[in-house]
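The structure appears below as structure tokens.
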Amino acid sequence: PFILSIAGGGSTYTPGIVKSLMVRLEDFPLAEIRLYDIDEARQRTLAPVVEKVIRDHSDTIKFIVTSDAETAFSGAHFIFAQMRVGQYKMREQDEKIPLRHGVVGQETCGPGGLAYGLRTILPMVELIDLVEQYADKKAWIVNYSNPAAIVAEGVRRLRPNARVLNICDMPVAAMRNIGAILGVDRHKLQVDYFGLNHFGWFTRILVDGEDRLPEVRRHVAQFGLLTEDASKTDPQHADPSWVKTWRNIKPIMDHFPDYLPNPYLQYYLMPNQIVEHQDPHLTRANEVMNGREKKLFAAAEEYQRTGILPDAFHVGVHGAFIVDVACSLAFDLRQRHLVIVENKGAIANLPYDAMVEVPAYITANGPEPVRMGAVPLFHQTLLMQQLASEQLLVEATIEGSYEKALQAFTLNRTVPTMQHAKAILDDMIEANRDYWPQL
Ligand code: G6P
Ligand code: MN
């Protein structure tokens, strides 16, 4: 049985992930679960909820809650990483600063994602170093930390040999919705997909060897990437803002007649419309703080007081996916999953060393990307511009370069002019004083 550490143990996602682990104990046996967080108080508050989830399923799994890296990682076999540097207070800034300038305010797309990247790359590298110091030499870090594309590129640049697999639940969440639309379990879908994280396209959706993508597109043109009544989506994605996000891919579909776009492309392709429909004073960070966060903390408090745990967290594709990936790594299952990997020719006309999102077979030695071939000029150009923005941001972080940060902001498709790029960057430098390297 494995020792698993969750870095970012105080996340509101932790109970859902642990629940997903508990229902898979036969496939992924566990001796210990350790929660690790630098925010000790937050983690202590939520830990009893996690412990209850474990004890409902197992008396034998050892449970440790710590802010000490050695205690957290000694001998660990798997580390699930989900850090949020600056927490929701800074997510709110990532969203609201660009909006003040009339630009998309999103935690991973546009200036918000770039700012979050500048906060996260170096702490992620610190985490990797701690894991390498203490954990089992063959340990894998499965990394959900955002902004995933930029974090992946930062890790590739700074710790190229680290055993880190970067993942995102958006493609698999899309597959869950596609499955619901087709009336097929998502595990029965075999998809082709190419792009960068939060910037890609499904090109085939095979069910028993038949490509159902045209049928999915016809549905999406009418209802968005949701079932007609939206009720079959994961609770994580049932908030009104998420329903809007899934529906909003309708207007961009015509630009990609053969493919199904990742919903996140809406931020790059129709930024004005997104900004117009966004309240600049009440963003997703506020929605999460007032919703998911509040509800879980209230439940933790009630559980402490009454011994009864109210239903307060999401169990769904987010947790299920990371457990699937971990199983495939652990037992060399070579399952095919959409993950973020070094290109190595998978997308023939993108750089060999770009961090791309494509299907890969997940082996005990890591992901083996599947060849998606060359992509059309239009898509290739969009991808190259986004890649350049992300790579320049990583270089800005490593070199402490204001010039490169400004180039990264300027190249981002969500940013209309050079003046916008500079004004937003300068505001963000101010807001991120405690977090960014000196530019
Ligand atoms: C999806 C994305 C993640 C992102 C999350 C935000 O799951 O793949 O990258 O962090 O949405 O969700 P939230 O509910 O916090 O807005
Ligand atoms: Mn994601």
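Going by the structure tokens order, chains are called A, B, ..., each with residues numbered from 1, while ligands are numbered from 1 in the order shown.
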Which protein, DNA or RNA residues have an atom within 6 Å of ligand 2, counting only C-alpha atoms and all ligand atoms, as a ChimeraX atom specification?
/A:168-170
9 Å shell around ligand 1 using only C-alpha atoms and all ligand atoms, listed as a VMD selection string:
chain A and resid 107 to 108 144 to 148 167 to 173 197 to 198 236 to 237 239 241 to 242 284 to 285 287 to 288 292 318
So which bits of segment 243-425 of chain A end up alpha helix (DSSP H) when you DSSP the backbone, as a VMD selection string?
chain A and resid 243 to 247 265 to 269 271 to 276 284 to 288 294 to 306 317 to 331 377 to 399 402 to 411 418 to 425
Under the rule of at most 10 Å, produce a per-residue listing of segment 157-260 of chain A near segment 386-390 of chain A: chain, number, name, the closest pair of atoms, and the distance in Å, as a Markdown table, using only C-alpha atoms.
| residue | atom | partner | partner_atom | distance |
| --- | --- | --- | --- | --- |
| A:Gly195 | CA | A:Leu387 | CA | 9.8 |
| A:Leu196 | CA | A:Leu387 | CA | 7.7 |
| A:Phe199 | CA | A:Gln386 | CA | 8.3 |
Which residue gives the smallest distance to Lys404 of chain A among A:Ala162, A:Leu333, A:Val243, A:Leu114, with only C-alpha atoms counted?
A:Leu114
Tell me, as an MDAnalysis selection string, which residues lie within 6 Å of segment 370-380 of chain A, counting only C-alpha atoms; anything in the same chain fewer than 4 positions away does not count.
chainID A and resid 346:349 359:360
